[in-house]
Structure formats: C-alpha cells, structure tokens
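Student: Supplied structure: query_27.cif, mmCIF, C-alpha atoms.
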```
data_data
loop_
_atom_site.group_PDB
_atom_site.id
_atom_site.type_symbol
_atom_site.label_atom_id
_atom_site.label_comp_id
_atom_site.auth_asym_id
_atom_site.auth_seq_id
_atom_site.Cartn_x
_atom_site.Cartn_y
_atom_site.Cartn_z
ATOM 1 C CA SER A 21 64.387 102.846 52.321
ATOM 2 C CA GLU A 22 61.895 99.996 52.359
ATOM 3 C CA PRO A 23 62.267 97.784 55.469
ATOM 4 C CA LEU A 24 63.169 94.700 53.406
ATOM 5 C CA ASN A 25 66.153 96.649 52.046
ATOM 6 C CA ILE A 26 67.701 96.601 55.520
ATOM 7 C CA LEU A 27 69.763 93.610 56.635
ATOM 8 C CA CYS A 28 69.982 93.218 60.415
ATOM 9 C CA LEU A 29 72.643 90.852 61.732
ATOM 10 C CA VAL A 30 72.323 89.930 65.412
ATOM 11 C CA LEU A 31 75.472 88.384 66.896
ATOM 12 C CA GLY A 32 75.834 86.565 70.193
ATOM 13 C CA GLU A 33 72.175 86.220 71.068
ATOM 14 C CA GLY A 34 72.474 82.655 72.285
ATOM 15 C CA SER A 35 70.187 79.726 71.566
ATOM 16 C CA PHE A 36 66.910 81.688 71.243
ATOM 17 C CA PRO A 37 67.010 84.678 68.824
ATOM 18 C CA ARG A 38 64.656 87.173 70.488
ATOM 19 C CA THR A 39 66.199 90.334 69.035
ATOM 20 C CA ALA A 40 66.419 89.012 65.478
ATOM 21 C CA ILE A 41 62.780 87.901 65.606
ATOM 22 C CA LEU A 42 61.703 91.310 66.901
ATOM 23 C CA ALA A 43 63.656 93.040 64.126
ATOM 24 C CA ALA A 44 61.890 90.923 61.505
ATOM 25 C CA ILE A 45 58.396 91.193 62.976
ATOM 26 C CA CYS A 46 58.363 94.732 64.348
ATOM 27 C CA GLN A 47 60.666 96.577 61.949
ATOM 28 C CA GLY A 48 60.081 94.522 58.797
ATOM 29 C CA TRP A 49 63.807 93.961 58.234
ATOM 30 C CA VAL A 50 65.595 90.904 56.896
ATOM 31 C CA ALA A 51 67.030 89.725 60.217
ATOM 32 C CA VAL A 52 69.683 87.061 60.753
ATOM 33 C CA ALA A 53 70.536 85.560 64.140
ATOM 34 C CA ILE A 54 74.191 84.484 64.113
ATOM 35 C CA ASP A 55 75.349 82.349 67.028
ATOM 36 C CA GLU A 56 77.344 79.174 67.480
ATOM 37 C CA ASN A 57 74.821 78.037 70.123
ATOM 38 C CA LEU A 58 71.654 78.725 68.099
ATOM 39 C CA HIS A 59 69.011 76.101 68.913
ATOM 40 C CA PRO A 60 68.195 73.816 65.921
ATOM 41 C CA GLU A 61 64.566 75.007 65.951
ATOM 42 C CA TRP A 62 65.719 78.536 65.057
ATOM 43 C CA ARG A 63 68.172 77.700 62.246
ATOM 44 C CA GLY A 64 67.344 78.493 58.628
ATOM 45 C CA SER A 65 64.361 80.423 57.329
ATOM 46 C CA ARG A 66 61.261 80.642 59.537
ATOM 47 C CA ASP A 67 58.452 82.058 57.407
ATOM 48 C CA ASP A 68 55.869 80.894 59.949
ATOM 49 C CA ILE A 69 57.085 83.616 62.321
ATOM 50 C CA THR A 70 57.067 86.576 59.994
ATOM 51 C CA ASN A 71 54.091 85.930 57.695
ATOM 52 C CA SER A 72 51.590 86.782 60.423
ATOM 53 C CA SER A 73 52.057 90.540 60.002
ATOM 54 C CA ALA A 74 51.663 92.751 56.945
ATOM 55 C CA THR A 75 54.803 94.690 57.902
ATOM 56 C CA ALA A 76 56.913 91.681 58.841
ATOM 57 C CA GLY A 77 60.267 91.063 57.248
ATOM 58 C CA LYS A 78 62.181 87.809 57.007
ATOM 59 C CA TYR A 79 63.994 85.832 59.688
ATOM 60 C CA PHE A 80 66.996 83.544 59.175
ATOM 61 C CA GLY A 81 68.937 81.654 61.815
ATOM 62 C CA PHE A 82 72.611 80.910 61.174
ATOM 63 C CA LYS A 83 74.589 78.594 63.459
ATOM 64 C CA GLY A 84 78.198 79.720 63.438
ATOM 65 C CA SER A 85 80.481 82.689 63.828
ATOM 66 C CA MET A 86 80.581 85.958 61.922
ATOM 67 C CA LYS A 87 83.456 84.500 59.908
ATOM 68 C CA ASP A 88 81.274 81.521 58.950
ATOM 69 C CA PHE A 89 78.437 83.850 57.997
ATOM 70 C CA LEU A 90 80.677 85.925 55.741
ATOM 71 C CA VAL A 91 81.709 82.752 53.921
ATOM 72 C CA ASN A 92 78.225 81.193 53.556
ATOM 73 C CA GLY A 93 75.582 83.666 54.720
ATOM 74 C CA GLN A 94 74.993 85.722 51.577
ATOM 75 C CA ARG A 95 74.317 82.595 49.528
ATOM 76 C CA ILE A 96 71.830 81.322 52.128
ATOM 77 C CA ILE A 97 69.949 84.637 52.273
ATOM 78 C CA GLN A 98 69.750 84.978 48.485
ATOM 79 C CA ALA A 99 68.549 81.375 48.151
ATOM 80 C CA ASN A 100 65.630 82.150 50.472
ATOM 81 C CA MET A 101 64.613 85.489 48.935
ATOM 82 C CA SER A 102 62.148 85.481 46.050
ATOM 83 C CA GLU A 103 64.546 87.397 43.796
ATOM 84 C CA THR A 104 68.088 88.753 43.848
ATOM 85 C CA HIS A 105 68.105 91.226 46.697
ATOM 86 C CA TYR A 106 70.273 94.285 47.280
ATOM 87 C CA PHE A 107 70.461 95.752 50.765
ATOM 88 C CA HIS A 108 70.704 99.525 51.150
ATOM 89 C CA HIS A 109 71.824 99.404 54.787
ATOM 90 C CA ILE A 110 73.175 96.833 57.245
ATOM 91 C CA ILE A 111 72.603 96.987 60.988
ATOM 92 C CA MET A 112 74.897 94.805 63.081
ATOM 93 C CA ILE A 113 73.734 94.256 66.671
ATOM 94 C CA GLY A 114 76.015 92.588 69.201
ATOM 95 C CA ILE A 115 74.277 91.194 72.293
ATOM 96 C CA GLU A 116 76.456 91.199 75.392
ATOM 97 C CA SER A 117 75.590 88.574 77.981
ATOM 98 C CA GLN A 118 77.232 86.860 80.917
ATOM 99 C CA ASN A 119 78.372 84.064 78.587
ATOM 100 C CA ASN A 120 79.468 86.338 75.733
ATOM 101 C CA SER A 121 80.720 89.739 76.832
ATOM 102 C CA ARG A 122 82.381 90.585 73.487
ATOM 103 C CA PRO A 123 80.097 89.583 70.576
ATOM 104 C CA LEU A 124 81.489 92.349 68.356
ATOM 105 C CA HIS A 125 85.140 91.612 69.135
ATOM 106 C CA GLY A 126 87.047 91.448 65.887
ATOM 107 C CA VAL A 127 84.365 92.881 63.565
ATOM 108 C CA GLY A 128 86.771 95.656 62.639
ATOM 109 C CA GLY A 129 89.439 93.251 61.435
ATOM 110 C CA LEU A 130 89.593 90.279 59.114
ATOM 111 C CA PHE A 131 86.079 88.940 58.459
ATOM 112 C CA GLY A 132 84.587 92.122 59.860
ATOM 113 C CA VAL A 133 82.690 95.200 58.739
ATOM 114 C CA ALA A 134 84.917 95.926 55.722
ATOM 115 C CA ASP A 135 84.434 92.393 54.378
ATOM 116 C CA LEU A 136 80.707 92.565 55.089
ATOM 117 C CA ARG A 137 80.407 95.818 53.129
ATOM 118 C CA GLU A 138 82.340 94.304 50.256
ATOM 119 C CA LEU A 139 79.907 91.372 50.062
ATOM 120 C CA TYR A 140 76.887 93.678 50.060
ATOM 121 C CA ASP A 141 77.883 96.276 47.448
ATOM 122 C CA ARG A 142 79.498 98.706 49.917
ATOM 123 C CA ALA A 143 76.230 99.220 51.835
ATOM 124 C CA PRO A 144 76.676 101.402 54.932
ATOM 125 C CA VAL A 145 76.859 99.529 58.248
ATOM 126 C CA THR A 146 75.631 100.666 61.650
ATOM 127 C CA VAL A 147 77.126 98.759 64.594
ATOM 128 C CA VAL A 148 75.177 98.601 67.879
ATOM 129 C CA SER A 149 76.109 96.905 71.150
ATOM 130 C CA LEU A 150 73.352 95.929 73.606
ATOM 131 C CA SER A 151 73.369 94.178 76.949
ATOM 132 C CA SER A 152 71.020 91.214 77.097
ATOM 133 C CA GLY A 153 68.425 93.273 78.987
ATOM 134 C CA GLU A 154 68.040 95.981 76.309
ATOM 135 C CA SER A 155 65.826 94.717 73.467
ATOM 136 C CA THR A 156 64.510 98.093 72.326
ATOM 137 C CA PHE A 157 64.600 99.990 69.048
ATOM 138 C CA SER A 158 65.896 103.472 68.247
ATOM 139 C CA ASP A 159 62.514 105.096 68.946
ATOM 140 C CA GLY A 160 62.594 103.664 72.477
ATOM 141 C CA SER A 161 59.824 101.127 71.882
ATOM 142 C CA SER A 162 60.207 97.542 72.917
ATOM 143 C CA CYS A 163 57.540 96.547 70.401
ATOM 144 C CA CYS A 164 56.685 93.000 71.282
ATOM 145 C CA GLN A 165 57.530 92.993 74.983
ATOM 146 C CA ASN A 166 54.500 90.884 75.890
ATOM 147 C CA MET A 167 55.129 88.153 73.318
ATOM 148 C CA ARG A 168 54.871 84.569 74.507
ATOM 149 C CA GLY A 169 56.150 81.461 72.841
ATOM 150 C CA PRO A 170 59.223 79.290 72.506
ATOM 151 C CA PHE A 171 61.469 82.368 72.332
ATOM 152 C CA SER A 172 60.206 83.969 75.539
ATOM 153 C CA SER A 173 62.100 83.425 78.758
ATOM 154 C CA GLU A 174 58.947 82.543 80.669
#
```
Can the structure from this file be put into structure tokens for me?
Tutor:
Amino acid sequence: SEPLNILCLVLGEGSFPRTAILAAICQGWVAVAIDENLHPEWRGSRDDITNSSATAGKYFGFKGSMKDFLVNGQRIIQANMSETHYFHHIIMIGIESQNNSRPLHGVGGLFGVADLRELYDRAPVTVVSLSSGESTFSDGSSCCQNMRGPFSSE
C-alpha cells in the first residue's frame, strides 16, 4: 500500500503531537493527533511541516475525543485532501502518560474501532499502545530523534 493510503490516529498525546508528526514525516502516512488538550498551534492541517520531505504524508490536529473525531473527523480529513481519499489501513496509537494512562479505553465499544471501520469502508485497524517514552516504529527506528522545534521537549 502507498503510505498516503494509511490513516494513523494518535490518541492521548497531549498538547504537542510528536508521534503524529513523526508518522507523517517519517512514514508518509496521513496522521491525525486527537487530544482534548491539543495546543492551538497544532490544530488543523499543517502543510508547512510535511511538505519539506518527498516522502512526507499529511498531518492534521484534532482537538477533542475519539467520539468527537468519529462525528467530525472524516469530513475534516476529506476537506483537506486534494481528492476523495480511501484508506486501505488504519493504525490507532494510544499514548499512555502520567496524565492519561488509558488513552485507548473504550475504543472497543460505542464510538470505537467498529464505528471507525464503518466510516472508512471496513478498512482493517491495528491498535498500538505506547508509553510516552516509546516513539519508535515497527522496524525499531526512532527516525527523527534529533529533531528540534516547537514540538521537541527541549
């Protein structure tokens, strides 16, 4: 599958969406940070982040819960894509932190994975849970570990 055919939803990342940005830049996915505490600077589409690389995907920031995203998120993503887009796979990453130890709580029930699949033409979903110190990809790389900027913790 082409990287832009993968939708990556990152839940519970806090105000600065490090993992979602890495997914867009390093993997070339359409990545959405979903958090009720998302900083205003990171809400909406941020083409200035992802256009710097030939392999970069798209980044969207969504302030709200997973329930809110299921109600409004698909419309927002489609409005920012150049054409109607169909995703072949969805990756849902829950970031566990001291402030949010259960970001994936409830994704199996109402407004969860089944509803998400229904919205996106029954695309398969992979659910991953990470602690806030584990921003790596399946091949073990951390990709952009030396990045600096408003999303770095330094």
Student: Interatomic distance between atom CA of Ser151 of chain A and atom CA of Asp88 of chain A?
Tutor: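 Straight-line distance from atom CA of Ser151 of chain A to atom CA of Asp88 of chain A works out to 23.4 Å.
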Student: With only C-alpha atoms as the atoms that count, which of A:Leu58, A:Val50, A:Ile96, A:Ile45 lies nearest to Glu22 of chain A?
Tutor: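 So, comparing all the options, the nearest one is A:Val50.
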Student: My list of candidates is A:His59, A:Arg38, A:His109, A:Lys87. Which is closest to Asp135 of chain A when distances are computed with all atoms listed in the file?
Tutor: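 Nearest to Asp135 of chain A: A:Lys87.
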Student: Atom CA of Asp55 of chain A and atom CA of Ser35 of chain A, how far apart in Å?
Tutor: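 A separation of 7.4 Å between them.
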Student: Quick one: pull the distance between atom CA of Asn25 of chain A and atom CA of Phe80 of chain A, Å, one decimal.
Tutor: 14.9 Å
Student: Taking all atoms listed in the file into account, which of A:Ile54, A:Leu29, A:Leu24, A:Cys46 comes nearest Val145 of chain A?
Tutor: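 Checking each candidate against Val145 of chain A, we get A:Leu29 as the closest.
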Student: Might you pull out every residue within 6 Å of Ala40 of chain A, with all atoms listed in the file counted and same-chain residues fewer than 3 positions away left off, and present them as a ChimeraX atom specification?
Tutor: /A:30,37,43,51,53
Student: Of the candidates A:Leu136, A:Ala143, A:Ala44, A:Ile115, which shows the shortest atom-to-atom distance to Val91 of chain A, using only C-alpha atoms?
Tutor: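 Smallest separation from Val91 of chain A among the options: A:Leu136.
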